[in-house]
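Enquirer: This is the structure, below, for whatever I ask next.
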Amino acid sequence: MITLGNYLALSGVIFSIGLIGVMTSRNVLKVLLSLELLLAASNLSFVAFSKFNGDYAGQLIVFFVILVAAAEVAIGLAIVVLMYRRLSTIQADELKELKW
Amino acid sequence: MVSTINPHLVWIAFFAPLVSCVVITLFFLKNKTFSSLTAIFGILISFACSCMVFTQIFQSSPAGQLQESLNWIQMDGLVINFGFLTNPLAIMMLLVVTGVGSAIFIYSRGYMDEDPSSPRFFAYLSLFAFSMIGIVLSNNFIQLFIFWELVGLSSYLLIGFWYAKPSAADAGVKAFMVNRISDFGFLCGIILLWSLSGIQHGRTFQFTDLASVIPHLDPHLLTIIALLLFCGVMGKSAQVPLHVWLIDAMEGPTPVSALIHAATMVAAGIYLLARTFFVFAPSVTALTFIAYTGAITSLMAAILAVAEDDIKRILAYSTLSQLGLMVMALGLGGPMQGMYHLTTHAFFKALLFLGAGSVIYALHHEQNIWKMQGLFKKMPITGWTFLIGTLALSGIFPLSGFWSKDAILALAFEHNTVLYLIAAFASGLTAFYMGRLFFVAFWGEPAKPQKGHGHEIHESPWVMTLPLIALAILSTIGGFIGIPQYIFPNEAPETLNIKVAIISSIVAVLGLVFSFMIYGKRTASDPLIEKLGSFHTVLKNKFYFDIVYGWYVDNIQQNLALALSHLEKGIIDRAFIGGITCLARAGGKAFRYFQNGIVQFYALVFILGAILLFLFLIKSFALIFVLGIIPLLLFLLLA
């Protein structure tokens, strides 16, 4: 029997993997991929809650999240392309101009 | 109570001078003829309306009271109205202000004819008349205070009218400053009274409501209120020690001296005392203080006038002296006597000032009485009217001054012998210095025209003599037209105290005789200088009031102001304001180390923040503390 707890646990694991990825990756593409994991984890909890509560609002929100994620990926990849053109690298820690 | 007074008439009387002021300022600032005519028209309308209201009083119910109020400012617990309250007292005062005012406005048309900026003068004069009428008619303390300040402002403008002359500009500033000092006390008194007035229906400034509240107040607090209100009176009515401005105020044009410093503005203080006498009446301490202040002022001014050589300043001192008498009368619990003397005094003092103005006009702005002689023959109308004014002021039977001054003396005689003696002595001195002024300036043979000047002294034009004659008639008959019975119809009519009347008549005649003995023969300078010796120096320095005030301002107030300035710069600016900017700057300096440009670090901080928020929501503060340390440690490591 698969319960809500199982789904949420899976979601939490994926989320944590994503977080660690975001924080530790130097490669901007990896950071973007980890962000996708974060979004997927939250989507999973939304859908799980929706199923167990019998409320479709959660599924509705997931569509929004997918939409926003698509936009985010488009812009993020565009930035990565521009970054590569200018700096010839996609390492995040090379981008240190913007500080005091 | 059905009153038949028409409120529209009162409103018209109220605002007519303001309208003429505005019209002059907007349209006629370049046009002498129209500006003066507008001003005269305005005050005459006001006067006519006052007369009509005056006649209506007799048809109305005995009290003659009418109140109309507009709601001006309304907040929680604070209601300020704008309106008027008429009673016989107010209407009498209104008649004096507009009547004497009309005479002086007409006179000014002649006197200010040669001045290029006379339109400005008439605008100021109208503004002054409006503010004075405002004081007379106000039905609450706040409105009264606003007009009180407006009177102060317009007197500043008028005293300093010839602003190019430094002494005139200084005199204007001095008058304003001295009045500010007294108004501070006045305002404190008003606010204190207001804050205590809420015991019945809510706090109020209205005179009529306050009158019913007063008996329920704590007598000690009432004494404080009365003294604070009297503080305002001391400034406006120039009582010791705030009298110093009135003498310097003689720098203004002579009609101004007549209007402001004899007939109306200085009378505002007395009027205030009489109008709000319900505040003062229960407090014996305050009344005693008021009475003695008045008596001292009266005596001091009378002594100072003896040594003065400037015709206007002598009259100014006599004004001070008479104001002192009025204040004393009110302090002795006699608003009727005080207002009676105020009314007659307005007549003959305006007359005297206008007469002096006529002389000054004829002599091309010469004000020293020792440079005048034998004017009586050259200027018969001015001479005769001036003589009537002199006799009225000295209190010679049967002129108006005799009756009103006698009423005050009789009041003092019944209540307080010391005050009576002071007042009687001051009256004798008044007769003496007025005789001195008259004999020196008007008596004897006229001076032959000097070679260099080549002008002949002649009588002033009719616009100036006509008001003189009108005022002279009023000064003569003022004692017979029943002024006190009119103002206070409920009180028993004044019976002449024969003993007091005879004594004061003798004193007055003695004063005049002495002055004739000393000044009847023409001398080049004042024979009194030698007789008085060193006391004369004291008098010339006006009892050193100005010097002491000057010393005080230079040495004490200036240093205090400097100290406060250092306090402000050093502590408030540097510590408080500077402290806050320092804090902001230091905060910025500390926090900018977070801005290290590493994207992952930002993400970490963001996530920690999110976790902290979560912990905060589930209220586990211990964990918050532990987690809160982490970013600090990280920050220290990275920095």
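Letters for chains follow the order of the structure tokens (A, B, ...), residue numbers begin at 1 for each chain, and ligand numbers begin at 1 in the order shown.
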Would you list which chain B residues are within 6 Å of chain A using only C-alpha atoms, as a VMD selection string?

Expert: chain B and resid 595 to 598 600

Enquirer: Take the selection from the previous step and output its residues with C-alpha atoms, as a PDB file, in the first residue's frame.

Expert:
```pdb
ATOM      1  CA  GLN B 595      27.424  40.567  -1.283  1.00  0.00           C
ATOM      2  CA  ASN B 596      30.441  38.447  -2.285  1.00  0.00           C
ATOM      3  CA  GLY B 597      29.344  37.612  -5.815  1.00  0.00           C
ATOM      4  CA  ILE B 598      29.251  33.810  -5.348  1.00  0.00           C
ATOM      5  CA  GLN B 600      25.924  29.396  -4.542  1.00  0.00           C
TER       6      GLN B 600
END
```

Enquirer: Could you go through segment 458-577 of chain B and tell me which residues DSSP, when run on the backbone, assigns to helix (DSSP H, G or I), listing them as a VMD selection string?

Expert: chain B and resid 462 to 477 483 to 487 498 to 519 528 to 532 534 to 540 542 to 577

Enquirer: Give me the residues within 12 Å of segment 49-51 of chain A as a PDB file with N, CA and C atoms, in the first residue's frame, counting only C-alpha atoms and dropping any in the same chain fewer than 3 places off.

Expert:
```
ATOM      1  N   THR A   3       1.225   4.996   0.651  1.00  0.00           N
ATOM      2  CA  THR A   3       0.489   6.048   1.369  1.00  0.00           C
ATOM      3  C   THR A   3       1.002   7.427   0.980  1.00  0.00           C
ATOM      4  N   LEU A   4       0.334   8.425   1.535  1.00  0.00           N
ATOM      5  CA  LEU A   4       0.766   9.818   1.301  1.00  0.00           C
ATOM      6  C   LEU A   4       2.192   9.994   1.779  1.00  0.00           C
ATOM      7  N   GLY A   5       2.486   9.381   2.926  1.00  0.00           N
ATOM      8  CA  GLY A   5       3.826   9.512   3.504  1.00  0.00           C
ATOM      9  C   GLY A   5       4.898   9.070   2.530  1.00  0.00           C
ATOM     10  N   ASN A   6       4.656   7.994   1.800  1.00  0.00           N
ATOM     11  CA  ASN A   6       5.660   7.516   0.850  1.00  0.00           C
ATOM     12  C   ASN A   6       5.947   8.571  -0.216  1.00  0.00           C
ATOM     13  N   TYR A   7       4.856   9.083  -0.761  1.00  0.00           N
ATOM     14  CA  TYR A   7       5.028  10.125  -1.792  1.00  0.00           C
ATOM     15  C   TYR A   7       5.820  11.291  -1.245  1.00  0.00           C
ATOM     16  N   LEU A   8       5.431  11.732  -0.040  1.00  0.00           N
ATOM     17  CA  LEU A   8       6.072  12.920   0.521  1.00  0.00           C
ATOM     18  C   LEU A   8       7.534  12.652   0.808  1.00  0.00           C
ATOM     19  N   SER A  11       9.283  12.837  -2.386  1.00  0.00           N
ATOM     20  CA  SER A  11       9.374  14.249  -2.766  1.00  0.00           C
ATOM     21  C   SER A  11      10.485  14.934  -1.978  1.00  0.00           C
ATOM     22  N   SER A  42       8.442  19.381  -5.827  1.00  0.00           N
ATOM     23  CA  SER A  42       7.254  20.086  -5.324  1.00  0.00           C
ATOM     24  C   SER A  42       6.023  19.656  -6.104  1.00  0.00           C
ATOM     25  N   ASN A  43       6.198  19.444  -7.408  1.00  0.00           N
ATOM     26  CA  ASN A  43       5.069  18.950  -8.205  1.00  0.00           C
ATOM     27  C   ASN A  43       4.542  17.634  -7.646  1.00  0.00           C
ATOM     28  N   LEU A  44       5.468  16.782  -7.314  1.00  0.00           N
ATOM     29  CA  LEU A  44       5.072  15.478  -6.792  1.00  0.00           C
ATOM     30  C   LEU A  44       4.236  15.620  -5.526  1.00  0.00           C
ATOM     31  N   SER A  45       4.672  16.509  -4.591  1.00  0.00           N
ATOM     32  CA  SER A  45       3.873  16.665  -3.367  1.00  0.00           C
ATOM     33  C   SER A  45       2.512  17.263  -3.671  1.00  0.00           C
ATOM     34  N   PHE A  46       2.474  18.215  -4.603  1.00  0.00           N
ATOM     35  CA  PHE A  46       1.174  18.805  -4.974  1.00  0.00           C
ATOM     36  C   PHE A  46       0.215  17.740  -5.461  1.00  0.00           C
ATOM     37  N   GLY A  54      -8.599  14.629  -2.521  1.00  0.00           N
ATOM     38  CA  GLY A  54      -9.698  14.688  -3.464  1.00  0.00           C
ATOM     39  C   GLY A  54      -9.979  16.094  -3.962  1.00  0.00           C
ATOM     40  N   ASP A  55      -8.913  16.906  -3.982  1.00  0.00           N
ATOM     41  CA  ASP A  55      -9.087  18.304  -4.393  1.00  0.00           C
ATOM     42  C   ASP A  55      -8.219  18.536  -5.620  1.00  0.00           C
ATOM     43  N   TYR A  56      -8.805  19.076  -6.691  1.00  0.00           N
ATOM     44  CA  TYR A  56      -8.054  19.174  -7.952  1.00  0.00           C
ATOM     45  C   TYR A  56      -7.217  20.436  -8.037  1.00  0.00           C
ATOM     46  N   ALA A  57      -7.322  21.284  -7.044  1.00  0.00           N
ATOM     47  CA  ALA A  57      -6.557  22.536  -7.086  1.00  0.00           C
ATOM     48  C   ALA A  57      -5.066  22.246  -7.179  1.00  0.00           C
ATOM     49  N   GLY A  58      -4.600  21.200  -6.478  1.00  0.00           N
ATOM     50  CA  GLY A  58      -3.187  20.854  -6.493  1.00  0.00           C
ATOM     51  C   GLY A  58      -2.719  20.529  -7.900  1.00  0.00           C
ATOM     52  N   GLN A  59      -3.533  19.755  -8.643  1.00  0.00           N
ATOM     53  CA  GLN A  59      -3.139  19.391 -10.000  1.00  0.00           C
ATOM     54  C   GLN A  59      -3.108  20.608 -10.898  1.00  0.00           C
ATOM     55  N   LEU A  60      -4.018  21.518 -10.595  1.00  0.00           N
ATOM     56  CA  LEU A  60      -4.065  22.760 -11.371  1.00  0.00           C
ATOM     57  C   LEU A  60      -2.757  23.518 -11.213  1.00  0.00           C
ATOM     58  N   ILE A  61      -2.317  23.589  -9.955  1.00  0.00           N
ATOM     59  CA  ILE A  61      -1.101  24.347  -9.691  1.00  0.00           C
ATOM     60  C   ILE A  61       0.086  23.702 -10.400  1.00  0.00           C
ATOM     61  N   VAL A  62       0.082  22.371 -10.466  1.00  0.00           N
ATOM     62  CA  VAL A  62       1.191  21.675 -11.130  1.00  0.00           C
ATOM     63  C   VAL A  62       1.325  22.129 -12.579  1.00  0.00           C
TER      64      VAL A  62
END
```

Enquirer: In Å, how far is it from atom CA of Ser534 of chain B to atom CA of Leu304 of chain B?

Expert: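 So the answer is 13.8 Å.
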
Enquirer: Figure out the distance between atom CA of Tyr552 of chain B and atom CA of Ile190 of chain B, please, to one decimal in Å.

Expert: 28.2 Å
